[in-house]
Structure formats: C-alpha cells, structure tokens
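input35.cif, holding mmCIF, C-alpha atoms:
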data_query
loop_
_atom_site.group_PDB
_atom_site.id
_atom_site.type_symbol
_atom_site.label_atom_id
_atom_site.label_comp_id
_atom_site.auth_asym_id
_atom_site.auth_seq_id
_atom_site.Cartn_x
_atom_site.Cartn_y
_atom_site.Cartn_z
ATOM 1 C CA MET A 1 17.679 44.969 27.085
ATOM 2 C CA THR A 2 21.004 43.415 26.112
ATOM 3 C CA GLN A 3 24.538 44.730 26.213
ATOM 4 C CA ARG A 4 26.147 42.565 23.521
ATOM 5 C CA SER A 5 25.658 39.344 21.631
ATOM 6 C CA ALA A 6 25.314 36.086 23.495
ATOM 7 C CA SER A 7 28.017 34.525 21.340
ATOM 8 C CA ASP A 8 30.561 36.889 22.907
ATOM 9 C CA ALA A 9 29.540 36.045 26.456
ATOM 10 C CA GLY A 10 31.282 32.735 26.929
ATOM 11 C CA SER A 11 28.088 30.708 27.298
ATOM 12 C CA ALA A 12 29.735 27.670 25.748
ATOM 13 C CA ARG A 13 32.331 27.544 28.533
ATOM 14 C CA ALA A 14 29.750 27.996 31.297
ATOM 15 C CA ALA A 15 29.544 24.695 33.174
ATOM 16 C CA GLY A 16 27.352 25.953 36.027
ATOM 17 C CA LEU A 17 23.962 27.638 36.337
ATOM 18 C CA LEU A 18 22.132 29.398 39.149
ATOM 19 C CA ALA A 19 18.391 29.490 38.462
ATOM 20 C CA PHE A 20 15.753 31.417 40.385
ATOM 21 C CA TRP A 21 11.978 31.512 39.958
ATOM 22 C CA ALA A 22 9.651 33.842 41.859
ATOM 23 C CA ASP A 23 6.442 35.787 41.875
ATOM 24 C CA ILE A 24 6.750 39.430 42.911
ATOM 25 C CA ASP A 25 4.145 41.465 44.766
ATOM 26 C CA PRO A 26 2.181 43.232 41.994
ATOM 27 C CA ASP A 27 2.688 46.705 43.427
ATOM 28 C CA TYR A 28 6.462 46.124 43.638
ATOM 29 C CA VAL A 29 7.191 44.761 40.148
ATOM 30 C CA LEU A 30 8.582 47.977 38.669
ATOM 31 C CA ARG A 31 10.748 48.613 41.731
ATOM 32 C CA PHE A 32 11.949 44.985 41.566
ATOM 33 C CA GLN A 33 12.932 45.372 37.914
ATOM 34 C CA GLN A 34 14.813 48.570 38.703
ATOM 35 C CA TRP A 35 16.711 46.853 41.529
ATOM 36 C CA HIS A 36 17.467 43.742 39.503
ATOM 37 C CA ASN A 37 18.632 45.703 36.438
ATOM 38 C CA CYS A 38 20.571 48.452 38.129
ATOM 39 C CA GLU A 39 22.076 46.885 41.248
ATOM 40 C CA HIS A 40 21.670 43.147 41.642
ATOM 41 C CA MET A 41 22.713 41.796 38.252
ATOM 42 C CA PRO A 42 25.750 44.104 37.943
ATOM 43 C CA GLU A 43 26.774 43.126 41.482
ATOM 44 C CA ARG A 44 26.560 39.407 40.743
ATOM 45 C CA LEU A 45 28.383 39.729 37.425
ATOM 46 C CA SER A 46 31.263 41.481 39.164
ATOM 47 C CA ILE A 47 31.967 38.239 41.067
ATOM 48 C CA ALA A 48 34.710 36.094 39.532
ATOM 49 C CA GLY A 49 33.252 33.170 37.595
ATOM 50 C CA PHE A 50 29.853 34.744 36.879
ATOM 51 C CA LEU A 51 29.585 35.029 33.085
ATOM 52 C CA THR A 52 26.049 36.004 32.059
ATOM 53 C CA GLY A 53 22.788 36.981 33.706
ATOM 54 C CA ARG A 54 19.263 36.953 32.283
ATOM 55 C CA ARG A 55 15.721 37.622 33.432
ATOM 56 C CA TYR A 56 12.590 36.397 31.709
ATOM 57 C CA ARG A 57 8.875 37.108 32.188
ATOM 58 C CA ALA A 58 6.362 34.258 32.242
ATOM 59 C CA ALA A 59 3.997 33.993 29.298
ATOM 60 C CA GLY A 60 1.480 31.817 31.151
ATOM 61 C CA GLU A 61 0.631 30.706 34.675
ATOM 62 C CA ALA A 62 4.195 29.975 35.778
ATOM 63 C CA ARG A 63 5.974 32.000 38.427
ATOM 64 C CA MET A 64 6.201 35.574 37.167
ATOM 65 C CA PHE A 65 9.970 35.713 36.687
ATOM 66 C CA PHE A 66 12.677 33.236 35.722
ATOM 67 C CA MET A 67 16.219 34.489 36.358
ATOM 68 C CA PHE A 68 19.534 32.767 35.898
ATOM 69 C CA TYR A 69 23.282 33.248 35.906
ATOM 70 C CA GLU A 70 25.706 31.125 33.928
ATOM 71 C CA THR A 71 28.910 30.430 35.826
ATOM 72 C CA ALA A 72 32.279 28.998 34.874
ATOM 73 C CA SER A 73 31.599 26.010 37.136
ATOM 74 C CA PRO A 74 29.049 24.915 39.755
ATOM 75 C CA GLU A 75 31.740 25.432 42.394
ATOM 76 C CA ILE A 76 31.523 29.198 41.820
ATOM 77 C CA LEU A 77 28.206 29.055 43.692
ATOM 78 C CA ARG A 78 30.140 28.017 46.806
ATOM 79 C CA SER A 79 33.017 30.455 46.346
ATOM 80 C CA PRO A 80 34.007 32.812 49.199
ATOM 81 C CA ASP A 81 33.228 35.912 47.116
ATOM 82 C CA TYR A 82 29.736 34.748 46.230
ATOM 83 C CA LEU A 83 28.925 33.567 49.749
ATOM 84 C CA ALA A 84 30.101 36.928 51.086
ATOM 85 C CA ALA A 85 27.618 38.679 48.798
ATOM 86 C CA LEU A 86 24.815 36.335 49.874
ATOM 87 C CA ASN A 87 25.533 36.953 53.545
ATOM 88 C CA HIS A 88 25.878 40.736 53.261
ATOM 89 C CA PRO A 89 22.880 41.896 51.212
ATOM 90 C CA THR A 90 22.588 45.584 50.427
ATOM 91 C CA PRO A 91 19.701 47.604 51.885
ATOM 92 C CA TRP A 92 17.986 47.575 48.486
ATOM 93 C CA THR A 93 18.390 43.809 48.251
ATOM 94 C CA ARG A 94 16.888 43.359 51.716
ATOM 95 C CA GLU A 95 13.930 45.486 50.693
ATOM 96 C CA SER A 96 13.406 43.689 47.380
ATOM 97 C CA LEU A 97 13.650 40.134 48.716
ATOM 98 C CA GLN A 98 10.771 40.798 51.098
ATOM 99 C CA HIS A 99 8.488 41.051 48.052
ATOM 100 C CA PHE A 100 9.379 37.608 46.637
ATOM 101 C CA ARG A 101 6.595 35.007 46.671
ATOM 102 C CA ARG A 102 6.904 31.249 45.962
ATOM 103 C CA PRO A 103 10.664 31.534 45.381
ATOM 104 C CA LEU A 104 12.722 28.624 44.065
ATOM 105 C CA ARG A 105 16.510 28.745 43.889
ATOM 106 C CA SER A 106 18.672 25.938 42.528
ATOM 107 C CA GLY A 107 22.236 25.442 41.340
ATOM 108 C CA TYR A 108 22.990 23.156 38.409
ATOM 109 C CA ARG A 109 25.793 21.425 36.552
ATOM 110 C CA LYS A 110 25.610 21.411 32.745
ATOM 111 C CA LEU A 111 25.439 17.961 31.188
ATOM 112 C CA LEU A 112 24.931 18.789 27.516
ATOM 113 C CA GLU A 113 24.627 21.738 25.127
ATOM 114 C CA CYS A 114 23.518 21.471 21.490
ATOM 115 C CA GLY A 115 23.378 24.164 18.859
ATOM 116 C CA ARG A 116 25.245 27.399 19.372
ATOM 117 C CA ALA A 117 24.799 30.607 21.308
ATOM 118 C CA PRO A 118 22.669 32.904 19.130
ATOM 119 C CA ALA A 119 24.241 35.953 17.500
ATOM 120 C CA ILE A 120 21.655 38.024 19.363
ATOM 121 C CA GLU A 121 19.625 36.976 22.373
ATOM 122 C CA SER A 122 16.706 34.660 21.625
ATOM 123 C CA PRO A 123 13.439 36.408 22.531
ATOM 124 C CA HIS A 124 11.991 33.370 24.316
ATOM 125 C CA ILE A 125 13.091 30.449 26.420
ATOM 126 C CA ILE A 126 11.262 27.184 27.047
ATOM 127 C CA VAL A 127 11.969 25.670 30.456
ATOM 128 C CA TYR A 128 11.487 22.016 31.407
ATOM 129 C CA ARG A 129 11.924 20.722 34.946
ATOM 130 C CA PHE A 130 11.569 16.989 35.544
ATOM 131 C CA ASN A 131 12.747 13.814 37.194
ATOM 132 C CA LEU A 132 13.513 10.560 35.410
ATOM 133 C CA ARG A 133 10.957 7.781 35.669
ATOM 134 C CA ASP A 134 13.917 5.605 36.555
ATOM 135 C CA ALA A 135 14.683 7.394 39.824
ATOM 136 C CA SER A 136 18.176 5.922 39.946
ATOM 137 C CA GLY A 137 19.229 8.207 37.074
ATOM 138 C CA SER A 138 20.480 5.175 35.169
ATOM 139 C CA GLU A 139 22.611 5.536 32.081
ATOM 140 C CA GLY A 140 19.751 4.304 29.894
ATOM 141 C CA GLY A 141 17.235 6.786 31.284
ATOM 142 C CA GLU A 142 19.570 9.740 30.972
ATOM 143 C CA GLN A 143 20.515 8.678 27.443
ATOM 144 C CA GLY A 144 16.901 9.151 26.372
ATOM 145 C CA VAL A 145 16.981 12.709 27.701
ATOM 146 C CA ARG A 146 20.223 13.422 25.856
ATOM 147 C CA GLU A 147 18.778 12.119 22.583
ATOM 148 C CA TRP A 148 15.751 14.372 23.032
ATOM 149 C CA ILE A 149 17.939 17.419 23.765
ATOM 150 C CA ARG A 150 19.955 16.762 20.605
ATOM 151 C CA ALA A 151 16.830 16.284 18.513
ATOM 152 C CA MET A 152 15.098 19.435 19.756
ATOM 153 C CA SER A 153 18.086 21.538 18.724
ATOM 154 C CA GLN A 154 17.226 20.612 15.121
ATOM 155 C CA VAL A 155 13.692 22.051 15.254
ATOM 156 C CA PRO A 156 13.413 25.243 13.158
ATOM 157 C CA GLY A 157 13.278 28.217 15.521
ATOM 158 C CA ILE A 158 15.123 26.412 18.333
ATOM 159 C CA VAL A 159 18.601 27.906 18.336
ATOM 160 C CA ARG A 160 20.144 26.042 21.243
ATOM 161 C CA THR A 161 19.241 23.402 23.826
ATOM 162 C CA ARG A 162 20.889 22.774 27.188
ATOM 163 C CA LEU A 163 20.523 20.075 29.821
ATOM 164 C CA TYR A 164 21.444 20.509 33.492
ATOM 165 C CA GLU A 165 21.450 18.355 36.606
ATOM 166 C CA LEU A 166 20.728 19.684 40.084
ATOM 167 C CA ASP A 167 23.774 20.377 42.241
ATOM 168 C CA THR A 168 22.420 19.794 45.729
ATOM 169 C CA GLY A 169 25.477 21.292 47.404
ATOM 170 C CA ALA A 170 25.056 24.585 45.572
ATOM 171 C CA SER A 171 21.281 24.639 46.041
ATOM 172 C CA GLY A 172 20.828 24.232 49.766
ATOM 173 C CA VAL A 173 23.314 26.666 51.310
ATOM 174 C CA ALA A 174 21.828 28.629 54.224
ATOM 175 C CA THR A 175 22.572 32.351 53.817
ATOM 176 C CA GLU A 176 21.351 35.710 55.063
ATOM 177 C CA GLU A 177 19.513 36.311 51.788
ATOM 178 C CA ARG A 178 17.714 32.966 52.026
ATOM 179 C CA LYS A 179 16.520 33.861 55.522
ATOM 180 C CA ILE A 180 14.765 36.873 54.014
ATOM 181 C CA TYR A 181 12.968 35.260 51.070
ATOM 182 C CA GLN A 182 12.559 31.782 52.627
ATOM 183 C CA GLY A 183 13.162 30.005 49.332
ATOM 184 C CA ALA A 184 13.188 26.310 48.521
ATOM 185 C CA LYS A 185 15.118 24.395 45.876
ATOM 186 C CA SER A 186 13.501 22.646 42.933
ATOM 187 C CA ASP A 187 12.109 19.167 43.572
ATOM 188 C CA GLN A 188 13.096 18.158 40.041
ATOM 189 C CA ARG A 189 16.601 16.875 39.387
ATOM 190 C CA TYR A 190 16.842 17.924 35.732
ATOM 191 C CA LEU A 191 16.464 21.254 33.959
ATOM 192 C CA ALA A 192 16.300 21.737 30.177
ATOM 193 C CA LEU A 193 16.503 25.158 28.507
ATOM 194 C CA LEU A 194 15.514 25.707 24.886
ATOM 195 C CA ASP A 195 16.343 29.078 23.296
ATOM 196 C CA SER A 196 13.415 29.721 20.978
ATOM 197 C CA ALA A 197 12.194 32.194 18.376
ATOM 198 C CA THR A 198 8.574 31.559 19.451
ATOM 199 C CA LEU A 199 6.647 31.057 22.671
ATOM 200 C CA ALA A 200 5.076 27.717 21.742
ATOM 201 C CA PRO A 201 7.399 25.799 19.396
ATOM 202 C CA TRP A 202 5.703 22.500 20.340
ATOM 203 C CA GLU A 203 2.656 23.663 18.336
ATOM 204 C CA THR A 204 4.593 23.618 15.051
ATOM 205 C CA ASP A 205 4.435 20.761 12.549
ATOM 206 C CA GLU A 206 8.231 20.519 12.633
ATOM 207 C CA TRP A 207 8.275 19.890 16.384
ATOM 208 C CA ARG A 208 5.499 17.288 16.183
ATOM 209 C CA SER A 209 7.117 15.512 13.255
ATOM 210 C CA LEU A 210 10.476 15.326 14.972
ATOM 211 C CA GLU A 211 9.038 13.947 18.210
ATOM 212 C CA GLN A 212 7.141 11.271 16.270
ATOM 213 C CA VAL A 213 10.308 9.827 14.752
ATOM 214 C CA LEU A 214 12.185 9.741 18.055
ATOM 215 C CA PRO A 215 12.476 6.379 19.815
ATOM 216 C CA PRO A 216 9.796 6.090 22.531
ATOM 217 C CA SER A 217 12.512 6.159 25.206
ATOM 218 C CA SER A 218 13.584 9.608 23.970
ATOM 219 C CA ARG A 219 10.200 11.301 24.368
ATOM 220 C CA PRO A 220 9.406 13.335 27.508
ATOM 221 C CA ASN A 221 6.226 11.383 28.249
ATOM 222 C CA SER A 222 8.396 8.259 28.435
ATOM 223 C CA PHE A 223 11.515 9.364 30.310
ATOM 224 C CA ALA A 224 10.122 12.158 32.511
ATOM 225 C CA THR A 225 7.987 12.377 35.610
ATOM 226 C CA ASP A 226 7.054 15.433 37.704
ATOM 227 C CA LEU A 227 7.333 17.314 34.413
ATOM 228 C CA GLU A 228 6.754 21.067 34.261
ATOM 229 C CA ARG A 229 7.057 23.052 31.029
ATOM 230 C CA ASP A 230 6.864 26.846 30.935
ATOM 231 C CA ALA A 231 7.515 29.549 28.353
ATOM 232 C CA TYR A 232 9.082 32.941 29.048
ATOM 233 C CA TRP A 233 10.046 36.039 27.094
ATOM 234 C CA LEU A 234 13.306 37.888 27.627
ATOM 235 C CA GLU A 235 13.440 41.103 29.660
ATOM 236 C CA ILE A 236 17.170 41.666 30.138
ATOM 237 C CA ALA A 237 20.534 40.018 29.501
ATOM 238 C CA LEU A 238 23.847 41.264 30.891
ATOM 239 C CA TYR A 239 27.386 39.958 30.533
ATOM 240 C CA SER A 240 30.505 40.135 32.638
ATOM 241 C CA SER A 241 33.303 42.316 31.297
#
Write out the structure in this file as structure tokens.
Amino acid sequence: MTQRSASDAGSARAAGLLAFWADIDPDYVLRFQQWHNCEHMPERLSIAGFLTGRRYRAAGEARMFFMFYETASPEILRSPDYLAALNHPTPWTRESLQHFRRPLRSGYRKLLECGRAPAIESPHIIVYRFNLRDASGSEGGEQGVREWIRAMSQVPGIVRTRLYELDTGASGVATEERKIYQGAKSDQRYLALLDSATLAPWETDEWRSLEQVLPPSSRPNSFATDLERDAYWLEIALYSS
C-alpha cells in the first residue's frame, strides 16, 4: 500500500532515520498490521519533521518486520512533540507493544545517498548492519564503505543506496513506550539500505562482476565486521502531507 510516489516524499532531504525491527506474536500479526497502518504510522507522520514511514516483511529468517521513518534531521527524534508521543501511548499502542518480541530500535544520521528516490516504491529493500573492522571509524575505513555504497547504486535493479551511522543520543532515550516493549538498540554502528527490484540482487552476474572490480578495501568482507544482511518486501509506505 502506498499513497504517492517516493520521489514526492522528500526522501532526499531526510537527514535522519528511525529504524525498528521486531517479531510479532503469530496470533497478533493481523491486529498489529491494522494498528500500524491505521493509527501508529499516521500519528507519527503528523509530528513535525517526520517525512515518510514504511514497513517491510522479512523474506528469510530475520525479524519478521522492519519499519522505519525518515526524518528531516536526527534531532527530530529528540523533539518535544515526538517525546510527548512516546511518553503518552494510546491504549491501542499499549496493547500492540505487548506483542513485540526481540525488538530493536535505533536512530541514525544519514552519511550518504546514491541514486534517486524511485518514481514508485521499490518492492524490496536489502538491509545491512555492520561495524567497521577498524573500530575507530577512521577516515580510511569509512571511505571503503562509501565507495561500496556508490558502486552498488550502479547495479541493475538497485535504484538507490543509503548509508547511515548510529545516533546514540536518539537511540537510547528511556520512554513509556520502551518500558512496554523492553527494546534494545542495534549493536552495529552502520546501516545500509538498498532499494531493490529483487529479493536477492547479490545472486546476479552484474552484482558479482561489480564487486570483483572494487578495490579490496571497498568490499564488505574487508571493511565490515558483525555483518548482518537481510532482505524484505514492502507492505506499506505513507508520507506526511
């Protein structure tokens, strides 16, 4: 379900991201989707600075749902309006959050975006979470990641690539909602999102060929540790007015 094209949603000016991963009790999934579609996402997108919201379903063994909001800046995630919403959950939100399992919630700052927002929503997203092997986050180590992000945006079927860095201040705020679902933040400092036409673009000859010509320092098995890669398909995308 989408309301209008991603290119109209201001994704390019979104400097912040709130990402959430969770399993949902199997007997509550439909009720969760109803809540998330009909109350929670519209509520969040009514808050100043929230630009887009999306929910994806896992294609493999990852947590069942991946949800995120793009924001005008990471600071929006510490704004009075947003904190008020987090500390005054609705009855339906209180009910729904009790059915979250293995939740992860993290705020991010965008470092790089390549490609362009698709004219219509991409049906799949590939999600990488990782740390740098050079734990200091040195300029050289991060440069390899940036080169990889740029290169992957050239793979046929990959419409756009984005790189984010964890914002610890936005990720660890204690709120009434967090008391309910008892969530943690990601242990990985970096998040990469690849908007994709397919669920497994890394299986294509084009992907393999491109990775082979990259400098060794710009390949995930060189620059990344604690690497997790998951594929999801889109369930819903909504945009602020």
What are the centre and the three edge lengths of an axis-aligned box that wraps all atoms of stretch 212-226 of chain A in the file, given that 5 Å is added to every side, written as JSON and rounded to one decimal in Å?
{"center_x": 9.9, "center_y": 10.8, "center_z": 26.2, "size_x": 17.4, "size_y": 19.3, "size_z": 33.0}
Cut-off 10 Å: closest stretch 146-206 of chain A/stretch 103-109 of chain A atom pairs per residue, using all atoms listed in the file, as CSV:
residue,atom,partner,partner_atom,distance
A:Leu163,CA,A:Arg109,CA,8.7
A:Tyr164,CA,A:Arg109,CA,5.4
A:Glu165,CA,A:Arg109,CA,5.3
A:Leu166,CA,A:Tyr108,CA,4.5
A:Asp167,CA,A:Tyr108,CA,4.8
A:Thr168,CA,A:Gly107,CA,7.2
A:Gly169,CA,A:Gly107,CA,8.0
A:Ala170,CA,A:Gly107,CA,5.2
A:Ser171,CA,A:Ser106,CA,4.6
A:Gly172,CA,A:Ser106,CA,7.7
A:Val173,CA,A:Ser106,CA,10.0
A:Arg178,CA,A:Arg105,CA,9.2
A:Tyr181,CA,A:Pro103,CA,7.2
A:Gln182,CA,A:Pro103,CA,7.5
A:Gly183,CA,A:Pro103,CA,4.9
A:Ala184,CA,A:Leu104,CA,5.0
A:Lys185,CA,A:Arg105,CA,5.0
A:Ser186,CA,A:Leu104,CA,6.1
A:Asp187,CA,A:Ser106,CA,9.5
A:Gln188,CA,A:Ser106,CA,9.9
A:Arg189,CA,A:Tyr108,CA,9.0
A:Tyr190,CA,A:Tyr108,CA,8.5
A:Leu191,CA,A:Tyr108,CA,8.1
Legend entry - Option closest in space to A:Ala59, from A:Gly115, A:Pro156, A:Pro123, A:Pro74 [counting only C-alpha atoms]: A:Pro123
Inset, instruction - Using all atoms listed in the file, pick whichever of A:Ser96, A:Ser79, A:Gln154, A:Thr52 has the shortest atom-to-atom distance to A:Phe32. - result: A:Ser96
Legend entry - A:Trp92 surroundings by all atoms listed in the file, 9 Å radius, close-in-sequence under 6 positions cut, as a PyMOL selection string: chain A and resi 35+39-40
Contact table stretch 184-230 of chain A vs stretch 147-150 of chain A, cut-off 8 Å, shortest pair per residue, only C-alpha atoms, as JSON lines:
{"residue": "A:Ala192", "atom": "CA", "partner": "A:Ile149", "partner_atom": "CA", "distance": 7.9}
{"residue": "A:Leu214", "atom": "CA", "partner": "A:Trp148", "partner_atom": "CA", "distance": 7.7}
{"residue": "A:Ser218", "atom": "CA", "partner": "A:Trp148", "partner_atom": "CA", "distance": 5.3}
{"residue": "A:Arg219", "atom": "CA", "partner": "A:Trp148", "partner_atom": "CA", "distance": 6.5}
{"residue": "A:Pro220", "atom": "CA", "partner": "A:Trp148", "partner_atom": "CA", "distance": 7.8}
